[in-house]
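Colleague: After the structure tokens below, expect a handful of questions from me.
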Amino acid sequence: MLPKILSRQIGLLGAVMLFILGSGPVFADLVRVTGRAAVTDNNTDRAQRIALEDALYLAALAGGADVSGFSMADNGVLTGESILLRPNSRILDYSVVSQGRSGHHYEVVIDAYVGAAPALGCAVRPAVHLIAGTPQIHVGQSAPLWASEALQMAHDATIRGLGNTPQIQISARDISLVVADQSGSRLPAGFDYNSLTSGPARVETSRANPIPDTARGLHLSWQATAPGLQAATLTVTLHARLLDPAAPGRAQQLSTNHVVAVSANTPWRTINVLARKDAHEVANSVAAQFSAELAAWLGSYACAPLQGYLTAAGTGRFRIDLGSRDGLTHQSLGFAEGRGQPWTVFRIVELSPSHAILSPLNARRAGPQMAGAQVRFEIGG
């Protein structure tokens, strides 16, 4: 008798799984669902937010679900079974069709596009606006006299080359982005051990030309060294810092080097014509190498997933260092998992170019445990 019961229950579970999984669209599809929430203490605002969250959850389920289940038995007798549903689709966009109170409940009807996120890349994301400051150039004592000129030419060519990078808008300004040197080290800023291993340090920018919240700063430090006066090679090291005064935690850095051949150290090397030829060849070689590396690095930054970590910003409010310059709008939804909750939907209540203030649709999920949780937005990337 028991095998027949188990067989019947397993068959039922399998049928439910096929029905739910099979009913979801393979591609993004439009679904209309109704979310409901009980109105308590005549608080319709809270009920409206909970009903909207319920509608979003139902819409996600309509796009497909992962199903798992288990049975419970006592002394060989089947006593119950449980089926667990978890949405496996994403809400790509939604709009509220209608909302209002219905008796003791609040109802929200939405149309939502759900399914697998399309491979949009980052074409839908705003371009990253970079301001390149005055470069820092350091030439070793054993390097050729023309090395400083070569590095300046390489810097200018590199900035021009970055202008052709998709999703990057770059402009050069006479603004100092040199990292403040507080250690008394004689090494050029950006090349000391602490700077290279401890991440971005404090940056002093020109008061007359601050970096706006809509932009980031790009500081390039160049260094040329040679193993000796008679050396036929020159090592050029570039240390790049991507600075974000409005969101310091998003600053990044990159260090790379390139070895180039130079003319032998003969009496003719001091002739200006030959020296200028060497300078141009070194500048072109270095700029081609570094432009490609910086373009790939900045491209990854521009197309990075829109996700970050929440920091407390008051009761039921959290801040994230993502803003309108990253593609967020007041209609964007944030999703977080964990921290004692299966999932939490966040809406944007305040938006600036560099950051946003989020609040959970369901205020009951706004506990302090959400601070530090990772939240993601589905906008390209």
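In the structure tokens, chains take letters A, B, ... by order of appearance, with residues numbered from 1 within each chain and ligands from 1 in the order shown.
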Which polymer residues have any atom within 8 Å of an atom of A:Arg376, counting only C-alpha atoms, with same-chain residues fewer than 3 positions away left out, as a ChimeraX atom specification?
Modeller: /A:305-308,334-336
Colleague: Using only C-alpha atoms, which protein or nucleic acid residues come within 9 Å of A:Arg46? Drop anything in the same chain fewer than 6 positions from it, and give the result as a list in words.
Modeller: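 Here the qualifying residues turn out to be Ala37, Val39, Thr40, Leu361, Asn362 and Ala363 of chain A.
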Colleague: Go ahead and write the selection's residues with C-alpha atoms as an mmCIF file, in the first residue's frame.
Modeller:
data_model
loop_
_atom_site.group_PDB
_atom_site.id
_atom_site.type_symbol
_atom_site.label_atom_id
_atom_site.label_comp_id
_atom_site.auth_asym_id
_atom_site.auth_seq_id
_atom_site.Cartn_x
_atom_site.Cartn_y
_atom_site.Cartn_z
ATOM 1 C CA ALA A 37 -2.028 42.840 1.113
ATOM 2 C CA VAL A 39 -4.742 46.821 5.391
ATOM 3 C CA THR A 40 -3.935 47.046 9.099
ATOM 4 C CA LEU A 361 8.991 47.866 -0.630
ATOM 5 C CA ASN A 362 8.079 45.839 2.435
ATOM 6 C CA ALA A 363 9.054 47.843 5.508
#
Colleague: What gap, in Å, lies between atom CA of A:Ala287 and atom CA of A:Ala157?
Modeller: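 Separation of atom CA of A:Ala287 and atom CA of A:Ala157: 5.9 Å.
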Colleague: Could you list, as a ChimeraX atom specification, every residue within 8 Å of stretch 125-133 of chain A, counting only C-alpha atoms and ignoring same-chain residues fewer than 3 positions away?
Modeller: /A:122,159,166-177,211,214-220,302-303,325-327,379-381
Colleague: Would you mind exporting C-alpha atoms of the selected residues as a PDB file, in the first residue's frame?
Modeller:
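This is the output file selection25.pdb:
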ATOM      1  CA  CYS A 122      26.427  47.758 -21.662  1.00  0.00           C
ATOM      2  CA  ILE A 159      44.657  60.113 -23.866  1.00  0.00           C
ATOM      3  CA  PRO A 166      33.327  52.645 -26.377  1.00  0.00           C
ATOM      4  CA  GLN A 167      31.386  53.831 -23.318  1.00  0.00           C
ATOM      5  CA  ILE A 168      34.218  56.217 -22.364  1.00  0.00           C
ATOM      6  CA  GLN A 169      34.184  60.001 -22.738  1.00  0.00           C
ATOM      7  CA  ILE A 170      37.500  61.509 -21.738  1.00  0.00           C
ATOM      8  CA  SER A 171      38.758  65.068 -21.575  1.00  0.00           C
ATOM      9  CA  ALA A 172      42.087  66.474 -20.430  1.00  0.00           C
ATOM     10  CA  ARG A 173      42.236  69.335 -17.959  1.00  0.00           C
ATOM     11  CA  ASP A 174      44.989  71.204 -16.188  1.00  0.00           C
ATOM     12  CA  ILE A 175      44.055  69.831 -12.789  1.00  0.00           C
ATOM     13  CA  SER A 176      46.281  68.166 -10.218  1.00  0.00           C
ATOM     14  CA  LEU A 177      45.189  64.679  -9.169  1.00  0.00           C
ATOM     15  CA  ILE A 211      35.715  66.790 -10.315  1.00  0.00           C
ATOM     16  CA  THR A 214      28.932  63.139 -12.810  1.00  0.00           C
ATOM     17  CA  ALA A 215      32.579  62.359 -13.625  1.00  0.00           C
ATOM     18  CA  ARG A 216      35.606  60.417 -12.429  1.00  0.00           C
ATOM     19  CA  GLY A 217      39.229  61.440 -12.459  1.00  0.00           C
ATOM     20  CA  LEU A 218      42.037  59.618 -14.256  1.00  0.00           C
ATOM     21  CA  HIS A 219      45.565  60.192 -12.991  1.00  0.00           C
ATOM     22  CA  LEU A 220      48.518  58.703 -14.866  1.00  0.00           C
ATOM     23  CA  ALA A 302      32.180  50.910 -17.624  1.00  0.00           C
ATOM     24  CA  CYS A 303      30.435  47.553 -18.097  1.00  0.00           C
ATOM     25  CA  ARG A 325      25.474  58.417 -14.022  1.00  0.00           C
ATOM     26  CA  ASP A 326      25.496  54.589 -13.834  1.00  0.00           C
ATOM     27  CA  GLY A 327      22.081  54.266 -15.488  1.00  0.00           C
ATOM     28  CA  ILE A 379      20.419  47.288 -16.373  1.00  0.00           C
ATOM     29  CA  GLY A 380      22.746  45.810 -18.993  1.00  0.00           C
ATOM     30  CA  GLY A 381      26.226  44.657 -18.089  1.00  0.00           C
TER      31      GLY A 381
END
Colleague: Using only C-alpha atoms, which residues sit within 9 Å of stretch 150-153 of chain A once same-chain residues fewer than 5 positions away are excluded, as JSON, numbers by chain?
Modeller: {"A": [135, 137, 138, 139, 158, 222, 223, 224, 236, 276, 278, 279, 280, 281, 282, 283, 284, 286, 287]}
Colleague: Store the residues picked out above in a file with N, CA and C atoms, as a tab-separated table (two decimals), in the first residue's frame.
Modeller:
chain	number	residue	atom	x	y	z
A	135	PRO	N	49.62	64.85	-16.00
A	135	PRO	CA	50.37	63.63	-15.67
A	135	PRO	C	51.54	63.91	-14.75
A	137	ILE	N	55.39	62.80	-14.26
A	137	ILE	CA	56.45	62.18	-15.04
A	137	ILE	C	57.74	62.17	-14.23
A	138	HIS	N	58.36	61.00	-14.14
A	138	HIS	CA	59.62	60.86	-13.42
A	138	HIS	C	60.59	60.07	-14.30
A	139	VAL	N	61.79	60.60	-14.46
A	139	VAL	CA	62.82	59.97	-15.30
A	139	VAL	C	64.03	59.65	-14.44
A	158	THR	N	48.22	58.59	-25.55
A	158	THR	CA	47.38	57.63	-24.82
A	158	THR	C	46.00	58.21	-24.55
A	222	TRP	N	53.89	58.35	-14.83
A	222	TRP	CA	54.82	57.73	-15.76
A	222	TRP	C	56.23	57.72	-15.16
A	223	GLN	N	56.95	56.64	-15.37
A	223	GLN	CA	58.32	56.53	-14.89
A	223	GLN	C	59.16	55.80	-15.93
A	224	ALA	N	60.31	56.37	-16.24
A	224	ALA	CA	61.24	55.77	-17.20
A	224	ALA	C	62.56	55.48	-16.50
A	236	VAL	N	59.52	51.58	-19.25
A	236	VAL	CA	58.53	52.60	-18.93
A	236	VAL	C	57.43	51.95	-18.09
A	276	ARG	N	65.45	62.99	-31.13
A	276	ARG	CA	64.02	63.18	-31.37
A	276	ARG	C	63.40	61.96	-32.03
A	278	ASP	N	64.37	58.83	-31.58
A	278	ASP	CA	64.19	57.87	-30.49
A	278	ASP	C	62.98	58.23	-29.64
A	279	ALA	N	62.83	59.50	-29.32
A	279	ALA	CA	61.72	59.94	-28.47
A	279	ALA	C	60.38	59.62	-29.12
A	280	HIS	N	60.24	59.87	-30.42
A	280	HIS	CA	58.99	59.60	-31.12
A	280	HIS	C	58.72	58.10	-31.19
A	281	GLU	N	59.76	57.31	-31.47
A	281	GLU	CA	59.56	55.87	-31.56
A	281	GLU	C	59.15	55.28	-30.22
A	282	VAL	N	59.81	55.73	-29.15
A	282	VAL	CA	59.45	55.25	-27.82
A	282	VAL	C	58.03	55.67	-27.46
A	283	ALA	N	57.69	56.93	-27.73
A	283	ALA	CA	56.36	57.43	-27.41
A	283	ALA	C	55.28	56.64	-28.15
A	284	ASN	N	55.49	56.38	-29.43
A	284	ASN	CA	54.50	55.64	-30.21
A	284	ASN	C	54.35	54.20	-29.72
A	286	VAL	N	55.12	52.98	-26.70
A	286	VAL	CA	54.53	52.95	-25.36
A	286	VAL	C	53.04	53.28	-25.40
A	287	ALA	N	52.67	54.30	-26.19
A	287	ALA	CA	51.27	54.70	-26.26
A	287	ALA	C	50.39	53.59	-26.83
Colleague: Using only C-alpha atoms, which residue out of A:Gln369, A:Thr165, A:Ser98, A:Ser148 lies closest to A:Trp297?
Modeller: A:Thr165
Colleague: Rank A:Leu298, A:Ala226, A:Val260, A:Ala313 by their smallest atom-to-atom distance to A:Ala240, using only C-alpha atoms, and report the top residue only.
Modeller: A:Leu298
Colleague: Go ahead and compute the interatomic distance for atom CA of A:Phe290 and atom CA of A:Ser255, in Å to one decimal.
Modeller: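 Straight-line distance from atom CA of A:Phe290 to atom CA of A:Ser255 works out to 10.2 Å.
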Colleague: Just give me the gap between atom CA of A:Leu229 and atom CA of A:Ala143 in Å, one decimal is fine.
Modeller: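 These atoms are spaced 6.9 Å apart.
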Colleague: Can you list, as a PyMOL selection string, every protein, DNA or RNA residue that comes within 10 Å of A:Gly316 when you count only C-alpha atoms, leaving out same-chain residues fewer than 3 positions away?
Modeller: chain A and resi 312-313+358-368+370
Colleague: Output as an NGL selection string all residues of stretch 95-155 of chain A that backbone DSSP marks as strand (DSSP E or B).
Modeller: :A and (95-102 or 105-115 or 128-132 or 136-139)
Colleague: Excluding same-chain residues fewer than 6 positions from A:Ser142, what lies within 12 Å of it counting only C-alpha atoms, as a compact mmCIF listing (two decimals) with C-alpha atoms, in the first residue's frame?
Modeller:
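So the final result, stored in selection-v5.txt, reads:
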# COMPACT_ATOMS: atom_id res chain seq x y z
CA ALA A 224 61.24 55.77 -17.20
CA THR A 225 64.30 53.86 -16.00
CA ALA A 226 67.34 52.30 -17.66
CA PRO A 227 69.71 49.69 -16.18
CA GLY A 228 72.70 51.91 -16.96
CA LEU A 229 74.03 54.76 -19.06
CA GLN A 230 75.15 52.32 -21.77
CA ALA A 231 71.83 50.42 -21.81
CA ALA A 232 70.04 49.80 -25.10
CA THR A 233 66.64 49.36 -23.44
CA LEU A 234 64.31 51.64 -21.54
CA THR A 235 61.64 50.45 -19.09
CA ASN A 265 74.91 55.15 -26.45
Colleague: Quick one: everything within 12 Å of A:Arg101, counting only C-alpha atoms, minus sequence neighbours fewer than 3 positions away in the same chain. Send it as number ranges by chain.
Modeller: A: 35-40, 42-45, 47-48, 51, 98, 104-109
